[in-house]
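Enquirer: I have a structure here, written as structure tokens, and I will follow up with some questions on it.
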Amino acid sequence: MDFQLDWLCLYFQIILLLAISIREIFRKRGRNLYAILIPLTLLILVQGQTWWMLNIFEENDFTEIDHLYQPISIEGLRLANRYACLCIVSLGITYAFFSLRKKSMPREIAESFHTRFRPAVYHVFIAILTVSFGLIIIQIAGGFIAAVSNPGMTLVHGLVFFLMLLWLGKLPVLDNMAIGRRNTWLDVTLFIFVLFLFLINSRTLVSVILLQLILLFNYCRREIQRKTLLESSLIFFLIFFVFGIYRHYMSQYGMIQQDLFLGFIVDIFSVKNLFDWFYRFNVEGFAGLAGLLTYETNQGGIDHDFGLSNISVLFQFIPSSLRYSENLPFKEMKDFFSSLYPYVGYPYATGSVVPSGMENAYAHFGLPGLLGLGVLLGFLMQWLHDRMSQPKADRLMVAIVSVHALLIVHGSFYVVIFFVLSELIILFLYRFLIRIPKILSVHSHRHA
């Protein structure tokens with residue numbers, strides 16, 4: 001079977017995305033970090049998996065393969081590759097339109113941090129709440145040893161709620177970075193504590209926190225150098241690959257057995273095996289779209305839901321005791337909106353475990369949805385850069401929310417909506433809590 005056109009289509013996507021990111025990497029000043037992060041995320045999660053999948057079909061002469069819980073045919077693969085190409089082209093055109101027509105904006109970057117600290121009382125509420133939520137998370141996971149020895153496998157009922165509340169502990173460091181204030185030892189300790197707990201529960205979410213810190217440092221402190229960008233990529237490699245391999249091993253064997261562990265490491269740490277493991281068990285950035293198109297062909301078409309299934313995310317903010325109550329209609333309403341999604345997901349017969357943005361865009365709106373996704377990402381790359389370059393903008397809020405644009409590539413619109421709303425709620429709560437000492441102080445002075 002001749003795959004020449006399929007490879008050419010993929011090479012074109014790769015060249016276009018590399019051109020955007022390289023243009024920004026080699027810019028002397030005013031580097032657009034979003035125009036580096038978004039194309040590279042696409043290259044790793046979408047085009048990388050396309051390459052891996054084309055190799056499988058070409059080397060083995062398959063007509064269909066199973067990827068996790070979904071069958072993918074050669075026709076679905078080829079069509080997905082071409083549709084993804086149209087998405088990337090629309091991204092490139094949009095980025096070029098907004099970036100070339102706009103002059104580079106000057107950025108106000110703090111040359112040195114303010115030496116003034118907030119009084120200790122400002123940190124008391126945040127520290128107590130963060131530690132309390134962290135201890136609850138460890139208890140839900142079955143204790144510290146269970147959480148560490150079984151990472152990523154502890155997302156039991158109620159844990160996500162406390163993980164979202166744990167985001168409070170990252171905000172003092174991020175807030176200080178945004179306004180140019182020095183961190184206290186307590187701020188840094190809480191930040192490390194939060195990173196650790198997120199690491200043992202979700203590689204994606206700990207990466208989100210680190211990216212938020214990188215963005216705020218770049219736009220509010222000083223511009224990150226190319227060497228530092230390269231070095232920081234090593235951190236994400238360690239999180240997703242090295243720690244990911246440990247997590248995968250523990251899920252299989254439950255405890256470290258030296259002879260099995262060494263064999264496991266030797267087997268997986270070849271270039272071919274490493275990428276095979278990553279794209280077969282971790283990523284559905286492209287596989288979700290290819291699987292959906294295979295499903296559509298087999299079914300003779302699908303009914304696009306125009307995004308209505310995402311309404312079900314709002315029910316996640318209702319306490320579970322109410323959401324699953326037999327006396328209330330919340331569960332039935334959530335199930336109704338979820339059922340509108342045209343591609344049945346795990347744990348049912350077919351579908352993606354974690355639907356990707358490209359899959360969602362097509363499931364919701366068809367090919368116009370994929371073109372729209374490309375336009376959205378191309379626009380966000382420049383718009384978010386401009387917002388973070390404006391000293392009067394709420395850079396903390398923009399940085400926190402904007403990182404979730406990367407989740408559009410990796411995860412579903414549902415996940416992005418949930419995390420963005422959760423981030424905004426926690427940010428509002430944080431800003432309210434740090435105002436309490438000042439409010440109480442003013443109130444006491446008035447009575448005095």
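Chain labels follow the order of the structure tokens: the first chain is A, the next B, and so on; residue numbering restarts at 1 in every chain, and ligands are counted from 1 in their shown order.
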Determine, counting only C-alpha atoms, which protein, DNA and RNA residues have an atom within 9 Å of an atom of stretch 158-165 of chain A; residues of the same chain fewer than 4 positions away are not included. Present the result as a list in words.

Expert: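 The residues satisfying every condition are Leu129, Thr130, Phe133, Gly134, Ile136, Ile137, Ile140, Ala141, Thr154, Gly169, Leu197, Phe198, Asn201, Phe317, Ser320, Phe419, Ser422, Glu423 and Ile426 of chain A.
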
Enquirer: Show me, as a Markdown table, the residues of stretch 293-312 of chain A having an atom within 12 Å of stretch 367-371 of chain A, each with the closest atom pair and its distance in Å, using only C-alpha atoms.

Expert:
```
| residue | atom | partner | partner_atom | distance |
| --- | --- | --- | --- | --- |
| A:Leu293 | CA | A:Leu367 | CA | 10.9 |
| A:His304 | CA | A:Gly369 | CA | 10.2 |
| A:Asp305 | CA | A:Gly369 | CA | 11.4 |
| A:Phe306 | CA | A:Gly369 | CA | 9.1 |
| A:Gly307 | CA | A:Gly369 | CA | 10.0 |
```

Enquirer: Would you please work out which residue, of A:Pro319, A:Gly357, A:Gly378, A:Gly301, is nearest to A:Pro342 when using only C-alpha atoms?

Expert: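 Of the candidates, the smallest distance to A:Pro342 is held by A:Gly301.
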
Enquirer: Do you have, as a Markdown table, the list of residues of stretch 369-392 of chain A lying at most 10 Å from stretch 83-98 of chain A, each with its nearest atom pair and that distance in Å to one decimal, counting only C-alpha atoms and ordered by chain then number?

Expert:
```
| residue | atom | partner | partner_atom | distance |
| --- | --- | --- | --- | --- |
| A:Gly369 | CA | A:Cys87 | CA | 9.0 |
| A:Leu370 | CA | A:Cys87 | CA | 5.4 |
| A:Leu371 | CA | A:Cys87 | CA | 4.9 |
| A:Gly372 | CA | A:Cys87 | CA | 7.7 |
| A:Leu373 | CA | A:Cys87 | CA | 6.8 |
| A:Gly374 | CA | A:Leu91 | CA | 4.1 |
| A:Val375 | CA | A:Leu91 | CA | 5.0 |
| A:Leu376 | CA | A:Leu91 | CA | 7.4 |
| A:Leu377 | CA | A:Leu91 | CA | 6.2 |
| A:Gly378 | CA | A:Leu91 | CA | 4.4 |
| A:Phe379 | CA | A:Tyr95 | CA | 6.0 |
| A:Leu380 | CA | A:Tyr95 | CA | 8.5 |
| A:Met381 | CA | A:Tyr95 | CA | 7.0 |
| A:Gln382 | CA | A:Phe98 | CA | 6.5 |
| A:Trp383 | CA | A:Phe98 | CA | 8.2 |
```

Enquirer: Now that the selection is made, can you save its residues with N, CA and C atoms as a PDB file, in the first residue's frame?

Expert:
```pdb
ATOM      1  N   GLY A 369     -15.614  22.367  12.449  1.00  0.00           N
ATOM      2  CA  GLY A 369     -15.115  22.415  13.817  1.00  0.00           C
ATOM      3  C   GLY A 369     -13.600  22.305  13.873  1.00  0.00           C
ATOM      4  N   LEU A 370     -13.015  21.457  13.022  1.00  0.00           N
ATOM      5  CA  LEU A 370     -11.556  21.331  12.977  1.00  0.00           C
ATOM      6  C   LEU A 370     -10.900  22.604  12.453  1.00  0.00           C
ATOM      7  N   LEU A 371     -11.504  23.188  11.435  1.00  0.00           N
ATOM      8  CA  LEU A 371     -10.985  24.459  10.918  1.00  0.00           C
ATOM      9  C   LEU A 371     -11.094  25.541  11.986  1.00  0.00           C
ATOM     10  N   GLY A 372     -12.209  25.537  12.705  1.00  0.00           N
ATOM     11  CA  GLY A 372     -12.405  26.511  13.774  1.00  0.00           C
ATOM     12  C   GLY A 372     -11.413  26.322  14.914  1.00  0.00           C
ATOM     13  N   LEU A 373     -11.080  25.064  15.219  1.00  0.00           N
ATOM     14  CA  LEU A 373     -10.089  24.806  16.260  1.00  0.00           C
ATOM     15  C   LEU A 373      -8.737  25.385  15.857  1.00  0.00           C
ATOM     16  N   GLY A 374      -8.350  25.216  14.592  1.00  0.00           N
ATOM     17  CA  GLY A 374      -7.101  25.788  14.110  1.00  0.00           C
ATOM     18  C   GLY A 374      -7.102  27.304  14.210  1.00  0.00           C
ATOM     19  N   VAL A 375      -8.216  27.926  13.824  1.00  0.00           N
ATOM     20  CA  VAL A 375      -8.339  29.387  13.926  1.00  0.00           C
ATOM     21  C   VAL A 375      -8.244  29.826  15.377  1.00  0.00           C
ATOM     22  N   LEU A 376      -8.918  29.101  16.270  1.00  0.00           N
ATOM     23  CA  LEU A 376      -8.898  29.454  17.690  1.00  0.00           C
ATOM     24  C   LEU A 376      -7.484  29.394  18.258  1.00  0.00           C
ATOM     25  N   LEU A 377      -6.763  28.314  17.980  1.00  0.00           N
ATOM     26  CA  LEU A 377      -5.402  28.189  18.501  1.00  0.00           C
ATOM     27  C   LEU A 377      -4.469  29.234  17.902  1.00  0.00           C
ATOM     28  N   GLY A 378      -4.613  29.498  16.592  1.00  0.00           N
ATOM     29  CA  GLY A 378      -3.790  30.521  15.948  1.00  0.00           C
ATOM     30  C   GLY A 378      -4.047  31.902  16.529  1.00  0.00           C
ATOM     31  N   PHE A 379      -5.309  32.202  16.813  1.00  0.00           N
ATOM     32  CA  PHE A 379      -5.663  33.493  17.418  1.00  0.00           C
ATOM     33  C   PHE A 379      -5.144  33.590  18.849  1.00  0.00           C
ATOM     34  N   LEU A 380      -5.337  32.515  19.628  1.00  0.00           N
ATOM     35  CA  LEU A 380      -4.920  32.538  21.031  1.00  0.00           C
ATOM     36  C   LEU A 380      -3.413  32.727  21.174  1.00  0.00           C
ATOM     37  N   MET A 381      -2.637  32.163  20.258  1.00  0.00           N
ATOM     38  CA  MET A 381      -1.182  32.290  20.353  1.00  0.00           C
ATOM     39  C   MET A 381      -0.763  33.750  20.389  1.00  0.00           C
ATOM     40  N   GLN A 382      -1.375  34.581  19.552  1.00  0.00           N
ATOM     41  CA  GLN A 382      -0.994  35.984  19.515  1.00  0.00           C
ATOM     42  C   GLN A 382      -1.737  36.800  20.565  1.00  0.00           C
ATOM     43  N   TRP A 383      -3.018  36.519  20.763  1.00  0.00           N
ATOM     44  CA  TRP A 383      -3.820  37.307  21.699  1.00  0.00           C
ATOM     45  C   TRP A 383      -3.312  37.139  23.125  1.00  0.00           C
TER      46      TRP A 383
END
```

Enquirer: Please identify all polymer residues within 7 Å of stretch 187-196 of chain A, counting only C-alpha atoms, omitting same-chain residues fewer than 2 positions from it, and present them as a PyMOL selection string.

Expert: chain A and resi 127+166+169-170+172-173+183-185+198-200+206

Enquirer: Select, from A:Leu77, A:Ala361, A:Ile209, A:Leu135, the residue with the minimum atom-to-atom distance to A:Val401, counting only C-alpha atoms.

Expert: A:Ile209

Enquirer: Might you pull out every residue within 9 Å of A:Asn32, with only C-alpha atoms counted and same-chain residues fewer than 4 positions away left off, and present them as a PyMOL selection string?

Expert: chain A and resi 21+24-25+27+36+381-382+385-386

Enquirer: Excluding A:Arg431 and residues on its chain fewer than 5 positions from it, collect all residues at most 12 Å away from it, counting only C-alpha atoms, and give them as a ChimeraX atom specification.

Expert: /A:122-123,125-126,168,171-172,175,396-397,424-426,436-438

Enquirer: Quick one: pull the distance between atom CA of A:Val313 and atom CA of A:Phe418, Å, one decimal.

Expert: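 Atom CA of A:Phe418 lies 6.2 Å from atom CA of A:Val313.
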
Enquirer: Can you pull out the residues contacting A:Thr63? Cut-off 8 Å, using only C-alpha atoms, and skip same-chain residues under 3 positions away; I want them as a PyMOL selection string.

Expert: chain A and resi 57+73-74

Enquirer: Produce a file of the selected residues containing N, CA and C atoms, as a PDB file, in the first residue's frame.

Expert:
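As a result, selection_10.pdb now contains:
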```
ATOM      1  N   PHE A  57       1.066   0.977  10.294  1.00  0.00           N
ATOM      2  CA  PHE A  57       0.309   0.501   9.131  1.00  0.00           C
ATOM      3  C   PHE A  57       1.239   0.153   7.975  1.00  0.00           C
ATOM      4  N   SER A  73      -9.085   2.244  11.362  1.00  0.00           N
ATOM      5  CA  SER A  73      -8.840   1.669  10.040  1.00  0.00           C
ATOM      6  C   SER A  73      -7.865   2.538   9.264  1.00  0.00           C
ATOM      7  N   ILE A  74      -7.331   1.996   8.184  1.00  0.00           N
ATOM      8  CA  ILE A  74      -6.427   2.764   7.342  1.00  0.00           C
ATOM      9  C   ILE A  74      -7.151   3.948   6.720  1.00  0.00           C
TER      10      ILE A  74
END
```

Enquirer: Using DSSP on the backbone, list every residue of stretch 14-245 of chain A that comes out as strand (DSSP E or B), and give them as a PyMOL selection string.

Expert: chain A and resi 64-67+70-73+114+181

Enquirer: Excluding same-chain residues fewer than 5 positions from A:Leu18, what lies within 10 Å of it counting only C-alpha atoms, as a ChimeraX atom specification?

Expert: /A:12-13,23-24,36,39-40,43

Enquirer: Tell me, in Å to one decimal, how far atom CA of A:Leu384 is from atom CA of A:Arg181.

Expert: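 It comes out at 23.0 Å.
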
Enquirer: Which of these residues is nearest to A:Asp61, using only C-alpha atoms: A:Glu284, A:Phe3, A:Ile239, A:Leu407?

Expert: A:Phe3

Enquirer: Between A:Gly76, A:Thr297, A:Ala178, A:Leu292, which has the minimum distance to A:Ile214 (counting only C-alpha atoms)?

Expert: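 Comparing A:Gly76, A:Thr297, A:Ala178, A:Leu292 against A:Ile214, the winner is A:Ala178.
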
Enquirer: Mind pulling up the distance from atom CA of A:Ser132 to atom CA of A:Val148?

Expert: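 These atoms are spaced 18.4 Å apart.
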